[in-house]
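Structure, as structure tokens:
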Amino acid sequence: MFVKEINSNELEQWLKGETPPLLIDVRSPQEMAGASIPNGKPLPLNLLPLRVNEVPTDEKVVFYCRSGARSAQACMYLAQQGYDNVYNLHGGIINWVRSGLSVEPMII
């Protein structure tokens, strides 16, 4: 199944736009506490099937994790549920930081 991907620089531009996407962090709470992309919402991957109703169907949603693997799984799962507006952050927060973009600890 095909997963739509977005790179860090594209995401940065989307987040500055008039209608920024919802940004969802699928890592564990411990990982999120270390460093997260500003305005990311926590939704650990293991809880996604239980909380799928929290993911809007009518707006762009970008998922991220450490490297892009877990967030790709989230996108595949949602695509199977009929979502077509979900994107995976290619390379995850690792590539975000390597691109020189800001991170902050997430208070959970």
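Residue numbers start at 1 in each chain; chains themselves are named A, B, ... in the order of the structure tokens; ligands are numbered from 1 in the order shown.
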If we count only C-alpha atoms and set the cut-off at 8 Å, which residues sit around stretch 29-38 of chain A, ignoring sequence neighbours fewer than 3 positions away in its own chain? Please answer as a PDB file with C-alpha atoms, in the first residue's frame.
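Written out: result_26.pdb:
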```pdb
ATOM      1  CA  ASP A  25       3.430  12.172  17.143  1.00  0.00           C
ATOM      2  CA  PRO A  42       0.560  12.880  21.174  1.00  0.00           C
ATOM      3  CA  PRO A  44       1.172   6.661  20.498  1.00  0.00           C
ATOM      4  CA  ILE A  93      12.081  13.736  13.818  1.00  0.00           C
ATOM      5  CA  SER A 102      13.191  23.439  16.057  1.00  0.00           C
ATOM      6  CA  VAL A 103      12.066  20.907  18.637  1.00  0.00           C
ATOM      7  CA  GLU A 104      10.764  21.254  22.182  1.00  0.00           C
ATOM      8  CA  PRO A 105       9.902  18.858  24.995  1.00  0.00           C
ATOM      9  CA  MET A 106       6.263  17.765  24.938  1.00  0.00           C
ATOM     10  CA  ILE A 107       4.388  18.084  28.191  1.00  0.00           C
ATOM     11  CA  ILE A 108       2.077  15.080  28.468  1.00  0.00           C
TER      12      ILE A 108
END
```
Q | Close residues, A:Leu22 itself excluded, 8 Å, only C-alpha atoms, min 6 positions apart in chain, as a PyMOL selection string | A | chain A and resi 40-41+59-62
Restrict the selected residues to C-alpha atoms and save them as an mmCIF file, in the first residue's frame.
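For reference, out_36.cif as written:
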```cif
data_model
loop_
_atom_site.group_PDB
_atom_site.id
_atom_site.type_symbol
_atom_site.label_atom_id
_atom_site.label_comp_id
_atom_site.auth_asym_id
_atom_site.auth_seq_id
_atom_site.Cartn_x
_atom_site.Cartn_y
_atom_site.Cartn_z
ATOM 1 C CA GLY A 40 2.511 18.059 17.653
ATOM 2 C CA LYS A 41 -0.262 16.113 19.341
ATOM 3 C CA GLU A 59 -8.114 17.921 6.948
ATOM 4 C CA LYS A 60 -4.479 17.082 6.237
ATOM 5 C CA VAL A 61 -2.838 15.046 8.969
ATOM 6 C CA VAL A 62 0.923 14.480 9.191
#
```
Q. DSSP says helix (DSSP H, G or I) for which residues of chain A? Put them as a PyMOL selection string?
A. chain A and resi 8-16+29-34+45-50+52-54+69-80+92-98
Take the residues that were just selected and, keeping N, CA and C atoms, output them as a CSV table (one decimal), in the first residue's frame.
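The new file again.csv reads:
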```
chain,number,residue,atom,x,y,z
A,8,SER,N,10.8,17.3,5.6
A,8,SER,CA,10.8,18.3,6.7
A,8,SER,C,10.6,19.7,6.2
A,9,ASN,N,11.3,20.0,5.1
A,9,ASN,CA,11.1,21.4,4.6
A,9,ASN,C,9.7,21.7,4.1
A,10,GLU,N,9.1,20.7,3.4
A,10,GLU,CA,7.7,20.9,3.0
A,10,GLU,C,6.8,21.0,4.2
A,11,LEU,N,7.0,20.2,5.2
A,11,LEU,CA,6.2,20.3,6.4
A,11,LEU,C,6.3,21.6,7.1
A,12,GLU,N,7.5,22.1,7.2
A,12,GLU,CA,7.7,23.4,7.8
A,12,GLU,C,6.9,24.5,7.0
A,13,GLN,N,6.9,24.4,5.7
A,13,GLN,CA,6.1,25.4,4.9
A,13,GLN,C,4.6,25.2,5.2
A,14,TRP,N,4.1,23.9,5.2
A,14,TRP,CA,2.7,23.6,5.5
A,14,TRP,C,2.3,24.2,6.8
A,15,LEU,N,3.2,24.1,7.8
A,15,LEU,CA,2.8,24.5,9.2
A,15,LEU,C,2.8,26.1,9.3
A,16,LYS,N,3.4,26.7,8.3
A,16,LYS,CA,3.3,28.2,8.3
A,16,LYS,C,2.2,28.7,7.5
A,29,PRO,N,5.4,8.1,25.1
A,29,PRO,CA,5.5,9.3,25.9
A,29,PRO,C,6.9,9.7,26.3
A,30,GLN,N,7.7,8.7,26.6
A,30,GLN,CA,9.1,8.9,27.0
A,30,GLN,C,9.9,9.6,25.9
A,31,GLU,N,9.7,9.1,24.7
A,31,GLU,CA,10.3,9.7,23.5
A,31,GLU,C,9.9,11.1,23.3
A,32,MET,N,8.6,11.3,23.4
A,32,MET,CA,8.0,12.7,23.2
A,32,MET,C,8.5,13.7,24.2
A,33,ALA,N,8.8,13.3,25.4
A,33,ALA,CA,9.2,14.2,26.5
A,33,ALA,C,10.6,14.7,26.1
A,34,GLY,N,11.4,13.9,25.4
A,34,GLY,CA,12.8,14.3,25.1
A,34,GLY,C,12.8,15.5,24.1
A,45,LEU,N,1.4,5.0,18.7
A,45,LEU,CA,0.9,4.1,17.7
A,45,LEU,C,0.1,3.0,18.2
A,46,ASN,N,0.4,2.5,19.4
A,46,ASN,CA,-0.3,1.4,19.9
A,46,ASN,C,-1.8,1.8,20.3
A,47,LEU,N,-2.0,3.1,20.5
A,47,LEU,CA,-3.4,3.5,20.9
A,47,LEU,C,-4.2,4.0,19.7
A,48,LEU,N,-3.6,4.1,18.5
A,48,LEU,CA,-4.2,4.6,17.3
A,48,LEU,C,-5.5,3.8,17.0
A,49,PRO,N,-5.5,2.5,17.0
A,49,PRO,CA,-6.8,1.8,16.7
A,49,PRO,C,-7.9,2.1,17.7
A,50,LEU,N,-7.6,2.4,18.9
A,50,LEU,CA,-8.6,2.7,19.9
A,50,LEU,C,-9.1,4.2,19.8
A,52,VAL,N,-8.9,6.1,16.8
A,52,VAL,CA,-8.9,6.5,15.4
A,52,VAL,C,-9.9,7.6,15.2
A,53,ASN,N,-11.0,7.7,16.0
A,53,ASN,CA,-12.0,8.7,15.8
A,53,ASN,C,-11.5,10.1,16.1
A,54,GLU,N,-10.3,10.2,16.7
A,54,GLU,CA,-9.7,11.5,17.0
A,54,GLU,C,-8.9,12.1,15.8
A,69,ALA,N,9.3,5.1,10.4
A,69,ALA,CA,8.8,3.7,10.3
A,69,ALA,C,7.4,3.6,11.0
A,70,ARG,N,7.3,4.0,12.2
A,70,ARG,CA,6.0,3.8,12.9
A,70,ARG,C,5.0,4.7,12.4
A,71,SER,N,5.4,5.9,12.0
A,71,SER,CA,4.4,6.8,11.4
A,71,SER,C,3.9,6.3,10.0
A,72,ALA,N,4.8,5.6,9.3
A,72,ALA,CA,4.3,5.0,8.0
A,72,ALA,C,3.3,3.9,8.3
A,73,GLN,N,3.5,3.2,9.4
A,73,GLN,CA,2.5,2.2,9.8
A,73,GLN,C,1.2,2.8,10.1
A,74,ALA,N,1.2,4.0,10.8
A,74,ALA,CA,0.0,4.7,11.2
A,74,ALA,C,-0.7,5.1,9.9
A,75,CYS,N,0.0,5.6,8.9
A,75,CYS,CA,-0.6,6.0,7.6
A,75,CYS,C,-1.2,4.9,6.9
A,76,MET,N,-0.5,3.7,6.9
A,76,MET,CA,-1.0,2.5,6.2
A,76,MET,C,-2.3,2.1,6.9
A,77,TYR,N,-2.3,2.1,8.2
A,77,TYR,CA,-3.5,1.7,8.9
A,77,TYR,C,-4.7,2.6,8.6
A,78,LEU,N,-4.5,3.9,8.6
A,78,LEU,CA,-5.5,4.8,8.3
A,78,LEU,C,-6.0,4.7,6.9
A,79,ALA,N,-5.1,4.5,5.9
A,79,ALA,CA,-5.5,4.3,4.5
A,79,ALA,C,-6.4,3.1,4.4
A,80,GLN,N,-6.1,2.0,5.2
A,80,GLN,CA,-7.0,0.9,5.2
A,80,GLN,C,-8.4,1.2,5.7
A,92,GLY,N,11.3,11.0,9.8
A,92,GLY,CA,10.8,11.4,11.2
A,92,GLY,C,11.5,12.6,11.8
A,93,ILE,N,11.5,12.6,13.1
A,93,ILE,CA,12.1,13.7,13.8
A,93,ILE,C,13.6,13.8,13.6
A,94,ILE,N,14.2,12.7,13.3
A,94,ILE,CA,15.7,12.7,13.0
A,94,ILE,C,16.0,13.6,11.9
A,95,ASN,N,15.2,13.5,10.8
A,95,ASN,CA,15.5,14.3,9.6
A,95,ASN,C,15.0,15.8,9.9
A,96,TRP,N,14.0,15.9,10.7
A,96,TRP,CA,13.5,17.3,11.1
A,96,TRP,C,14.7,18.0,11.8
A,97,VAL,N,15.3,17.4,12.8
A,97,VAL,CA,16.4,18.0,13.5
A,97,VAL,C,17.6,18.2,12.6
A,98,ARG,N,17.9,17.2,11.7
A,98,ARG,CA,19.1,17.4,10.8
A,98,ARG,C,18.9,18.5,9.8
```
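Each of A:Tyr87, A:Phe2, A:Asn7, A:Glu18 was checked against A:Ser99 using only C-alpha atoms; the smallest atom-to-atom distance is that of A:Asn7.
You can rank A:Gly82, A:Pro56, A:Gly100, A:Gly68 by their closest distance to A:Ile6 using only C-alpha atoms, and at the top of that list sits A:Gly68.
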Q | Selected residue of minimal separation from A:Asp58 among A:Leu23, A:Tyr83, A:His90, A:Leu101, counting only C-alpha atoms | A |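 Closest to A:Asp58, using only C-alpha atoms: A:Tyr83.
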Q.
When you count only C-alpha atoms, which of these residues is closest to A:Val26: A:Glu5, A:Tyr64, A:Arg51, A:Asn88?
A. A:Tyr64
